[in-house]
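Data from input.cif: mmCIF, C-alpha atoms
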```cif
data_coords
#
loop_
_atom_site.group_PDB
_atom_site.id
_atom_site.type_symbol
_atom_site.label_atom_id
_atom_site.label_comp_id
_atom_site.auth_asym_id
_atom_site.auth_seq_id
_atom_site.Cartn_x
_atom_site.Cartn_y
_atom_site.Cartn_z
ATOM 1 C CA THR A 1 20.317 -106.428 -13.869
ATOM 2 C CA GLY A 2 19.932 -109.147 -16.502
ATOM 3 C CA LYS A 3 16.496 -107.639 -17.056
ATOM 4 C CA VAL A 4 18.150 -104.784 -18.977
ATOM 5 C CA ILE A 5 19.443 -107.346 -21.491
ATOM 6 C CA VAL A 6 15.959 -108.873 -21.772
ATOM 7 C CA ALA A 7 14.457 -105.403 -22.268
ATOM 8 C CA THR A 8 17.009 -104.615 -24.958
ATOM 9 C CA ARG A 9 16.037 -107.670 -27.000
ATOM 10 C CA VAL A 10 12.319 -107.048 -26.457
ATOM 11 C CA LEU A 11 12.675 -103.502 -27.767
ATOM 12 C CA GLU A 12 14.751 -104.631 -30.738
ATOM 13 C CA MET A 13 11.933 -106.991 -31.648
ATOM 14 C CA VAL A 14 9.395 -104.188 -31.227
ATOM 15 C CA ALA A 15 11.504 -102.062 -33.575
ATOM 16 C CA ASP A 16 11.662 -104.747 -36.283
ATOM 17 C CA GLY A 17 7.967 -105.564 -35.954
ATOM 18 C CA SER A 18 8.330 -109.097 -34.607
ATOM 19 C CA LEU A 19 6.775 -108.124 -31.250
ATOM 20 C CA ASP A 20 3.710 -105.948 -30.745
ATOM 21 C CA TYR A 21 4.508 -103.184 -28.255
ATOM 22 C CA ALA A 22 0.934 -103.046 -27.004
ATOM 23 C CA ALA A 23 1.115 -106.743 -26.145
ATOM 24 C CA ILE A 24 4.347 -106.501 -24.115
ATOM 25 C CA SER A 25 4.328 -102.956 -22.737
ATOM 26 C CA SER A 26 2.734 -103.888 -19.400
ATOM 27 C CA ASP A 27 5.256 -106.675 -18.734
ATOM 28 C CA LEU A 28 8.124 -104.429 -19.825
ATOM 29 C CA ASP A 29 6.993 -101.742 -17.396
ATOM 30 C CA LEU A 30 6.589 -104.239 -14.540
ATOM 31 C CA MET A 31 9.955 -105.878 -15.242
ATOM 32 C CA ILE A 32 11.907 -102.611 -15.131
ATOM 33 C CA THR A 33 10.016 -100.292 -12.768
ATOM 34 C CA GLU A 34 9.018 -102.952 -10.217
ATOM 35 C CA SER A 35 11.573 -105.684 -11.006
ATOM 36 C CA SER A 36 8.816 -108.266 -11.516
ATOM 37 C CA ASN A 37 10.354 -111.711 -12.009
ATOM 38 C CA GLU A 38 7.081 -113.046 -13.412
ATOM 39 C CA ALA A 39 7.050 -110.359 -16.112
ATOM 40 C CA ALA A 40 10.725 -111.065 -16.840
ATOM 41 C CA ASN A 41 9.962 -114.779 -17.250
ATOM 42 C CA ARG A 42 7.221 -114.034 -19.779
ATOM 43 C CA LEU A 43 9.451 -111.670 -21.758
ATOM 44 C CA PHE A 44 12.346 -114.139 -21.632
ATOM 45 C CA LEU A 45 10.055 -116.638 -23.372
ATOM 46 C CA ALA A 46 8.938 -113.991 -25.877
ATOM 47 C CA ILE A 47 12.531 -113.306 -27.002
ATOM 48 C CA GLY A 48 13.313 -116.980 -27.537
ATOM 49 C CA GLU A 49 14.954 -117.471 -24.146
ATOM 50 C CA ASN A 50 18.759 -117.718 -24.351
ATOM 51 C CA ALA A 51 18.776 -117.259 -28.129
ATOM 52 C CA GLY A 52 17.538 -113.728 -27.512
ATOM 53 C CA ILE A 53 20.116 -113.093 -24.802
ATOM 54 C CA ALA A 54 22.908 -114.443 -27.030
ATOM 55 C CA SER A 55 21.927 -112.101 -29.843
ATOM 56 C CA VAL A 56 22.264 -109.071 -27.540
ATOM 57 C CA VAL A 57 25.588 -110.325 -26.191
ATOM 58 C CA GLU A 58 26.921 -110.582 -29.755
ATOM 59 C CA ARG A 59 25.538 -107.356 -31.234
ATOM 60 C CA TYR A 60 26.485 -105.152 -28.297
ATOM 61 C CA ALA A 61 29.977 -106.697 -27.983
ATOM 62 C CA LEU A 62 29.524 -107.939 -24.410
ATOM 63 C CA THR A 63 32.673 -110.032 -24.495
ATOM 64 C CA SER A 64 32.663 -110.918 -20.768
ATOM 65 C CA THR A 65 28.980 -111.891 -20.550
ATOM 66 C CA ILE A 66 28.068 -115.594 -20.442
ATOM 67 C CA LEU A 67 24.612 -117.135 -20.720
ATOM 68 C CA GLY A 68 23.044 -118.817 -17.709
ATOM 69 C CA ARG A 69 20.060 -121.110 -17.341
ATOM 70 C CA THR A 70 17.781 -118.085 -17.569
ATOM 71 C CA TRP A 71 17.904 -114.281 -17.401
ATOM 72 C CA GLY A 72 18.682 -114.337 -13.668
ATOM 73 C CA THR A 73 21.824 -116.464 -13.973
ATOM 74 C CA ILE A 74 23.640 -114.509 -16.675
ATOM 75 C CA LEU A 75 27.306 -114.012 -15.738
ATOM 76 C CA THR A 76 28.585 -110.542 -16.561
ATOM 77 C CA ASN A 77 30.800 -107.757 -15.248
ATOM 78 C CA SER A 78 30.733 -104.016 -14.696
ATOM 79 C CA SER A 79 32.561 -103.062 -17.884
ATOM 80 C CA ASP A 80 30.179 -105.025 -20.110
ATOM 81 C CA GLN A 81 27.168 -103.484 -18.409
ATOM 82 C CA ALA A 82 28.579 -99.971 -18.717
ATOM 83 C CA LEU A 83 29.099 -100.651 -22.427
ATOM 84 C CA LEU A 84 25.522 -101.873 -22.775
ATOM 85 C CA LEU A 85 24.036 -98.937 -20.836
ATOM 86 C CA ASN A 86 25.829 -96.415 -23.018
ATOM 87 C CA GLN A 87 24.322 -98.084 -26.068
ATOM 88 C CA VAL A 88 20.756 -98.550 -24.830
ATOM 89 C CA VAL A 89 20.105 -95.421 -22.731
ATOM 90 C CA GLY A 90 23.185 -93.294 -23.411
ATOM 91 C CA THR A 91 24.840 -91.650 -26.392
ATOM 92 C CA ALA A 92 26.963 -94.384 -28.010
ATOM 93 C CA GLU A 93 26.070 -95.724 -31.449
ATOM 94 C CA SER A 94 23.759 -98.672 -31.052
ATOM 95 C CA PRO A 95 21.753 -101.345 -32.852
ATOM 96 C CA LEU A 96 18.773 -100.139 -30.786
ATOM 97 C CA PRO A 97 16.829 -97.313 -32.504
ATOM 98 C CA GLU A 98 16.420 -94.056 -30.611
ATOM 99 C CA ALA A 99 12.652 -94.467 -30.245
ATOM 100 C CA GLN A 100 13.199 -97.702 -28.300
ATOM 101 C CA ARG A 101 16.104 -96.225 -26.344
ATOM 102 C CA THR A 102 13.734 -93.474 -25.223
ATOM 103 C CA ILE A 103 11.271 -96.099 -23.950
ATOM 104 C CA LEU A 104 13.940 -97.914 -21.941
ATOM 105 C CA ARG A 105 15.410 -94.669 -20.618
ATOM 106 C CA ASP A 106 11.968 -93.576 -19.402
ATOM 107 C CA LEU A 107 11.294 -96.910 -17.698
ATOM 108 C CA MET A 108 14.660 -96.919 -15.922
ATOM 109 C CA MET A 109 14.061 -93.353 -14.730
ATOM 110 C CA ARG A 110 10.717 -94.458 -13.225
ATOM 111 C CA VAL A 111 12.001 -97.335 -11.102
ATOM 112 C CA LYS A 112 10.115 -97.454 -7.784
ATOM 113 C CA PRO A 113 11.894 -95.226 -5.227
ATOM 114 C CA GLU A 114 12.565 -98.142 -2.852
ATOM 115 C CA GLN A 115 14.395 -99.928 -5.702
ATOM 116 C CA ALA A 116 16.325 -96.871 -6.931
ATOM 117 C CA TRP A 117 19.266 -97.111 -4.547
ATOM 118 C CA GLY A 118 22.907 -97.324 -5.598
ATOM 119 C CA ALA A 119 23.533 -95.805 -9.009
ATOM 120 C CA GLY A 120 20.095 -94.153 -8.906
ATOM 121 C CA SER A 121 20.139 -92.954 -5.292
ATOM 122 C CA ARG A 122 18.340 -89.614 -5.546
ATOM 123 C CA ALA A 123 19.367 -88.629 -2.025
ATOM 124 C CA ASP A 124 23.034 -89.063 -2.922
ATOM 125 C CA LEU A 125 22.955 -87.327 -6.330
ATOM 126 C CA PRO A 126 23.165 -83.530 -6.672
ATOM 127 C CA GLU A 127 19.835 -81.693 -6.695
ATOM 128 C CA LEU A 128 17.946 -81.894 -10.014
ATOM 129 C CA TRP A 129 20.211 -84.640 -11.359
ATOM 130 C CA THR A 130 18.510 -87.738 -12.758
ATOM 131 C CA ALA A 131 19.423 -91.381 -13.247
ATOM 132 C CA ALA A 132 18.239 -94.332 -15.271
ATOM 133 C CA VAL A 133 18.804 -97.290 -12.951
ATOM 134 C CA LYS A 134 18.257 -101.020 -12.616
ATOM 135 C CA ASN A 135 19.316 -102.890 -9.519
ATOM 136 C CA GLY A 136 19.506 -106.533 -8.588
ATOM 137 C CA TRP A 137 19.403 -108.332 -5.227
ATOM 138 C CA TYR A 138 19.444 -112.036 -4.506
ATOM 139 C CA LEU A 139 20.223 -114.282 -1.553
ATOM 140 C CA SER A 140 22.244 -117.181 -2.970
ATOM 141 C CA VAL A 141 21.182 -120.706 -2.046
ATOM 142 C CA GLU A 142 22.588 -124.224 -2.267
ATOM 143 C CA GLY A 143 23.093 -125.144 -5.906
ATOM 144 C CA ASP A 144 24.092 -121.595 -6.945
ATOM 145 C CA ARG A 145 27.629 -120.663 -7.820
ATOM 146 C CA PRO A 146 29.578 -119.898 -4.628
ATOM 147 C CA PRO A 147 29.498 -118.003 -2.374
ATOM 148 C CA VAL A 148 26.255 -119.427 -1.024
ATOM 149 C CA GLY A 149 24.105 -117.937 1.743
ATOM 150 C CA LEU A 150 25.139 -114.342 1.070
ATOM 151 C CA TRP A 151 23.464 -111.470 -0.749
ATOM 152 C CA ARG A 152 24.343 -110.509 -4.301
ATOM 153 C CA ILE A 153 23.715 -106.780 -4.555
ATOM 154 C CA ASN A 154 24.196 -105.186 -7.972
ATOM 155 C CA THR A 155 23.518 -101.739 -9.421
ATOM 156 C CA VAL A 156 23.722 -100.191 -12.885
ATOM 157 C CA GLY A 157 22.849 -96.618 -13.764
ATOM 158 C CA TYR A 158 23.323 -93.759 -16.218
ATOM 159 C CA VAL A 159 23.401 -90.271 -14.672
ATOM 160 C CA TRP A 160 22.542 -86.851 -16.148
ATOM 161 C CA ASP A 161 23.094 -83.428 -14.584
ATOM 162 C CA GLU A 162 20.501 -80.661 -14.214
ATOM 163 C CA THR A 163 21.099 -79.537 -17.828
ATOM 164 C CA LYS A 164 20.389 -83.089 -19.088
ATOM 165 C CA GLN A 165 24.041 -83.631 -19.989
ATOM 166 C CA PRO A 166 25.421 -87.169 -19.401
ATOM 167 C CA ARG A 167 27.817 -87.214 -16.459
ATOM 168 C CA TRP A 168 28.691 -90.816 -15.657
ATOM 169 C CA ILE A 169 27.793 -94.465 -15.885
ATOM 170 C CA PHE A 170 28.031 -96.419 -12.635
ATOM 171 C CA THR A 171 27.895 -100.215 -12.589
ATOM 172 C CA GLY A 172 28.697 -102.287 -9.528
ATOM 173 C CA TYR A 173 28.540 -106.015 -8.777
ATOM 174 C CA SER A 174 29.063 -107.708 -5.408
ATOM 175 C CA ASN A 175 28.220 -111.104 -3.931
ATOM 176 C CA THR A 176 29.348 -111.381 -0.298
ATOM 177 C CA TRP A 177 26.909 -109.268 1.736
ATOM 178 C CA PRO A 178 25.512 -110.730 4.996
ATOM 179 C CA THR A 179 22.429 -108.490 4.574
ATOM 180 C CA GLN A 180 20.583 -106.911 1.685
ATOM 181 C CA ASP A 181 20.509 -103.509 3.367
ATOM 182 C CA GLY A 182 24.266 -103.531 3.905
ATOM 183 C CA GLY A 183 24.925 -103.965 0.195
ATOM 184 C CA GLU A 184 22.407 -101.328 -0.819
ATOM 185 C CA GLN A 185 23.804 -98.782 1.615
ATOM 186 C CA ALA A 186 27.331 -99.459 0.402
ATOM 187 C CA TRP A 187 26.357 -98.666 -3.200
ATOM 188 C CA ASN A 188 24.586 -95.508 -1.985
ATOM 189 C CA ALA A 189 27.838 -94.481 -0.331
ATOM 190 C CA VAL A 190 29.696 -94.978 -3.608
ATOM 191 C CA THR A 191 27.158 -92.762 -5.397
ATOM 192 C CA LYS A 192 27.642 -90.084 -2.731
ATOM 193 C CA GLN A 193 31.423 -90.270 -3.193
ATOM 194 C CA LEU A 194 31.093 -90.087 -6.968
ATOM 195 C CA SER A 195 28.867 -87.027 -6.662
ATOM 196 C CA ALA A 196 31.325 -85.301 -4.342
ATOM 197 C CA THR A 197 34.358 -86.159 -6.472
ATOM 198 C CA LEU A 198 33.097 -85.845 -10.048
#
```

Starting from the file, give its structure as C-alpha cells.
Amino acid sequence: TGKVIVATRVLEMVADGSLDYAAISSDLDLMITESSNEAANRLFLAIGENAGIASVVERYALTSTILGRTWGTILTNSSDQALLLNQVVGTAESPLPEAQRTILRDLMMRVKPEQAWGAGSRADLPELWTAAVKNGWYLSVEGDRPPVGLWRINTVGYVWDETKQPRWIFTGYSNTWPTQDGGEQAWNAVTKQLSATL
C-alpha cells in the first residue's frame, strides 16, 4: 500500500511539470493495477526516494507514518491511510489537483481482479458499487521487523454506491497470517460485513 504514497508524489510532480506524464504513465499503471515492484522501484527513484515520501507525509499530515528503507518498508496505520485516500481519490481538500486525483482514482478502480480483494472485493460489495483499491501482501523474512515468517496482508479502498456517492473508506493492516489466502479472505469478510451493516 506504500505504492499509493509513491503514486501521490509522482502525480504531484506531473502536476508541477517536474515529471513528464508520458514518460512515467506506463510504470504508474503497472505499479497500481498490477502491483509491479519493478515499476515501483523506478518511480521511487524518480521522486527522489525517501525525500519524495517525506514530502507526502508532511503535506498530507500523515502523523503516524514513518519512512523505511524504501517504499515497501514504510510504517503506517489505518487512520493515516484513510486520511490520505480521502485526499487523493476522495472529496477532502488536497494538495493534489483534481486532474491527477482522477488519474489515480481510475488506476485504483482498474486493479487486476485477482488483486482487488478486501476493500475492493466486488463480490462482497452491493451490485453496481465501485471501489478504488490498493492491496499489499508480503511474507516476512529474517531481518524484517517481527513477526517473521508470517504474512502481512493489507488493504485500502474508497467505495462509491451505484449513484457515484462516496460511502466509506476501508483501510486494514495485519501481520500475523499463516497463509496469504487466509488474510485476503478475512478482509473480504470485513467488506461483506460493512456492506450488510452500512

- Query: Distance CA of Tyr60 in chain A-CA of Gly2 in chain A, one decimal place?
  - Reply: 14.1 Å

Could you tell me which residues the PyMOL selection byres ((chain A and resi 140) around 12) grabs in this file, written as a PDB file with C-alpha atoms, keeping the file's coordinate frame?
```pdb
ATOM      1  CA  GLY A  72      18.682-114.337 -13.668  1.00  0.00           C
ATOM      2  CA  THR A  73      21.824-116.464 -13.973  1.00  0.00           C
ATOM      3  CA  TRP A 137      19.403-108.332  -5.227  1.00  0.00           C
ATOM      4  CA  TYR A 138      19.444-112.036  -4.506  1.00  0.00           C
ATOM      5  CA  LEU A 139      20.223-114.282  -1.553  1.00  0.00           C
ATOM      6  CA  VAL A 141      21.182-120.706  -2.046  1.00  0.00           C
ATOM      7  CA  GLU A 142      22.588-124.224  -2.267  1.00  0.00           C
ATOM      8  CA  GLY A 143      23.093-125.144  -5.906  1.00  0.00           C
ATOM      9  CA  ASP A 144      24.092-121.595  -6.945  1.00  0.00           C
ATOM     10  CA  ARG A 145      27.629-120.663  -7.820  1.00  0.00           C
ATOM     11  CA  PRO A 146      29.578-119.898  -4.628  1.00  0.00           C
ATOM     12  CA  PRO A 147      29.498-118.003  -2.374  1.00  0.00           C
ATOM     13  CA  VAL A 148      26.255-119.427  -1.024  1.00  0.00           C
ATOM     14  CA  GLY A 149      24.105-117.937   1.743  1.00  0.00           C
ATOM     15  CA  LEU A 150      25.139-114.342   1.070  1.00  0.00           C
ATOM     16  CA  TRP A 151      23.464-111.470  -0.749  1.00  0.00           C
ATOM     17  CA  ARG A 152      24.343-110.509  -4.301  1.00  0.00           C
ATOM     18  CA  ILE A 153      23.715-106.780  -4.555  1.00  0.00           C
ATOM     19  CA  SER A 174      29.063-107.708  -5.408  1.00  0.00           C
ATOM     20  CA  ASN A 175      28.220-111.104  -3.931  1.00  0.00           C
ATOM     21  CA  THR A 176      29.348-111.381  -0.298  1.00  0.00           C
ATOM     22  CA  TRP A 177      26.909-109.268   1.736  1.00  0.00           C
ATOM     23  CA  PRO A 178      25.512-110.730   4.996  1.00  0.00           C
ATOM     24  CA  THR A 179      22.429-108.490   4.574  1.00  0.00           C
ATOM     25  CA  GLN A 180      20.583-106.911   1.685  1.00  0.00           C
TER      26      GLN A 180
END
```

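Taking all atoms listed in the file into account, Asp20 in chain A lies nearest to A:Ala46 out of the set A:Leu128, A:Leu198, A:Val4, A:Ala46.
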
- Query: Could you write out as a VMD selection string the residues that the PyMOL selection byres ((chain A and resi 113-117) around 7) matches in the shown file?
  - Reply: chain A and resid 111 to 112 118 to 121 133 135 184 188

Please save C-alpha atoms of the selected residues as a PDB file, in the coordinates of the input.
```pdb
ATOM      1  CA  VAL A 111      12.001 -97.335 -11.102  1.00  0.00           C
ATOM      2  CA  LYS A 112      10.115 -97.454  -7.784  1.00  0.00           C
ATOM      3  CA  GLY A 118      22.907 -97.324  -5.598  1.00  0.00           C
ATOM      4  CA  ALA A 119      23.533 -95.805  -9.009  1.00  0.00           C
ATOM      5  CA  GLY A 120      20.095 -94.153  -8.906  1.00  0.00           C
ATOM      6  CA  SER A 121      20.139 -92.954  -5.292  1.00  0.00           C
ATOM      7  CA  VAL A 133      18.804 -97.290 -12.951  1.00  0.00           C
ATOM      8  CA  ASN A 135      19.316-102.890  -9.519  1.00  0.00           C
ATOM      9  CA  GLU A 184      22.407-101.328  -0.819  1.00  0.00           C
ATOM     10  CA  ASN A 188      24.586 -95.508  -1.985  1.00  0.00           C
TER      11      ASN A 188
END
```

- Starting from the shown file, work through the PyMOL selection byres ((chain A and resi 32) around 12) and note down what comes out as a PyMOL selection string. chain A and resi 1-8+25-31+33-40+43+103-112+115-116+132-136

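One finds CA of Glu93 in chain A at 11.6 Å from CA of Arg59 in chain A.
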
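Atom pair CA of Phe170 in chain A / CA of Leu125 in chain A has a distance of 12.2 Å (rounded to one decimal).
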
- With distances taken over only C-alpha atoms, which of A:Thr197, A:Thr76, A:Thr191, A:Ala15 is nearest to Leu96 in chain A? A:Ala15

- Note on the structure: Between A:Ala131, A:Ile47, A:Ala22, A:Ala82, smallest distance to Pro166 in chain A by only C-alpha atoms belongs to A:Ala131

- If you count only C-alpha atoms, which residues fall within 10 Å of Leu45 in chain A, apart from same-chain ones fewer than 6 positions away, as a PyMOL selection string? chain A and resi 6+51-52+70

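Each of A:Thr155, A:Thr65, A:Ser55, A:Thr171 was checked against Asn86 in chain A using all atoms listed in the file; the smallest atom-to-atom distance is that of A:Thr171.
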
Assuming the input is short of atoms at range 110-122 of chain A, produce N, CA, C and O atoms for that part as a PDB file, keeping the file's coordinate frame.
```
ATOM      1  N   ARG A 110      11.930 -94.351 -14.037  1.00  0.00           N
ATOM      2  CA  ARG A 110      10.717 -94.458 -13.225  1.00  0.00           C
ATOM      3  C   ARG A 110      10.739 -95.667 -12.286  1.00  0.00           C
ATOM      4  O   ARG A 110       9.693 -96.069 -11.775  1.00  0.00           O
ATOM      5  N   VAL A 111      11.907 -96.222 -12.053  1.00  0.00           N
ATOM      6  CA  VAL A 111      12.001 -97.335 -11.102  1.00  0.00           C
ATOM      7  C   VAL A 111      11.465 -96.886  -9.742  1.00  0.00           C
ATOM      8  O   VAL A 111      11.718 -95.753  -9.300  1.00  0.00           O
ATOM      9  N   LYS A 112      10.691 -97.766  -9.097  1.00  0.00           N
ATOM     10  CA  LYS A 112      10.115 -97.454  -7.784  1.00  0.00           C
ATOM     11  C   LYS A 112      11.190 -96.906  -6.837  1.00  0.00           C
ATOM     12  O   LYS A 112      12.304 -97.442  -6.802  1.00  0.00           O
ATOM     13  N   PRO A 113      10.888 -95.851  -6.093  1.00  0.00           N
ATOM     14  CA  PRO A 113      11.894 -95.226  -5.227  1.00  0.00           C
ATOM     15  C   PRO A 113      12.628 -96.206  -4.321  1.00  0.00           C
ATOM     16  O   PRO A 113      13.837 -96.097  -4.127  1.00  0.00           O
ATOM     17  N   GLU A 114      11.907 -97.197  -3.771  1.00  0.00           N
ATOM     18  CA  GLU A 114      12.565 -98.142  -2.852  1.00  0.00           C
ATOM     19  C   GLU A 114      13.531 -99.081  -3.573  1.00  0.00           C
ATOM     20  O   GLU A 114      14.335 -99.764  -2.940  1.00  0.00           O
ATOM     21  N   GLN A 115      13.465 -99.103  -4.922  1.00  0.00           N
ATOM     22  CA  GLN A 115      14.395 -99.928  -5.702  1.00  0.00           C
ATOM     23  C   GLN A 115      15.441 -99.082  -6.426  1.00  0.00           C
ATOM     24  O   GLN A 115      16.252 -99.614  -7.171  1.00  0.00           O
ATOM     25  N   ALA A 116      15.424 -97.767  -6.195  1.00  0.00           N
ATOM     26  CA  ALA A 116      16.325 -96.871  -6.931  1.00  0.00           C
ATOM     27  C   ALA A 116      17.519 -96.452  -6.087  1.00  0.00           C
ATOM     28  O   ALA A 116      17.946 -95.303  -6.106  1.00  0.00           O
ATOM     29  N   TRP A 117      18.075 -97.399  -5.336  1.00  0.00           N
ATOM     30  CA  TRP A 117      19.266 -97.111  -4.547  1.00  0.00           C
ATOM     31  C   TRP A 117      20.502 -97.232  -5.442  1.00  0.00           C
ATOM     32  O   TRP A 117      20.400 -97.413  -6.655  1.00  0.00           O
ATOM     33  N   GLY A 118      21.668 -97.148  -4.832  1.00  0.00           N
ATOM     34  CA  GLY A 118      22.907 -97.324  -5.598  1.00  0.00           C
ATOM     35  C   GLY A 118      23.080 -96.273  -6.673  1.00  0.00           C
ATOM     36  O   GLY A 118      23.036 -95.080  -6.395  1.00  0.00           O
ATOM     37  N   ALA A 119      23.259 -96.720  -7.901  1.00  0.00           N
ATOM     38  CA  ALA A 119      23.533 -95.805  -9.009  1.00  0.00           C
ATOM     39  C   ALA A 119      22.426 -94.774  -9.199  1.00  0.00           C
ATOM     40  O   ALA A 119      22.663 -93.702  -9.756  1.00  0.00           O
ATOM     41  N   GLY A 120      21.214 -95.080  -8.743  1.00  0.00           N
ATOM     42  CA  GLY A 120      20.095 -94.153  -8.906  1.00  0.00           C
ATOM     43  C   GLY A 120      19.672 -93.467  -7.627  1.00  0.00           C
ATOM     44  O   GLY A 120      18.585 -92.893  -7.565  1.00  0.00           O
ATOM     45  N   SER A 121      20.513 -93.487  -6.600  1.00  0.00           N
ATOM     46  CA  SER A 121      20.139 -92.954  -5.292  1.00  0.00           C
ATOM     47  C   SER A 121      19.922 -91.444  -5.359  1.00  0.00           C
ATOM     48  O   SER A 121      20.870 -90.667  -5.383  1.00  0.00           O
ATOM     49  N   ARG A 122      18.656 -91.031  -5.384  1.00  0.00           N
ATOM     50  CA  ARG A 122      18.340 -89.614  -5.546  1.00  0.00           C
ATOM     51  C   ARG A 122      18.872 -88.783  -4.382  1.00  0.00           C
ATOM     52  O   ARG A 122      19.274 -87.632  -4.558  1.00  0.00           O
TER      53      ARG A 122
END
```
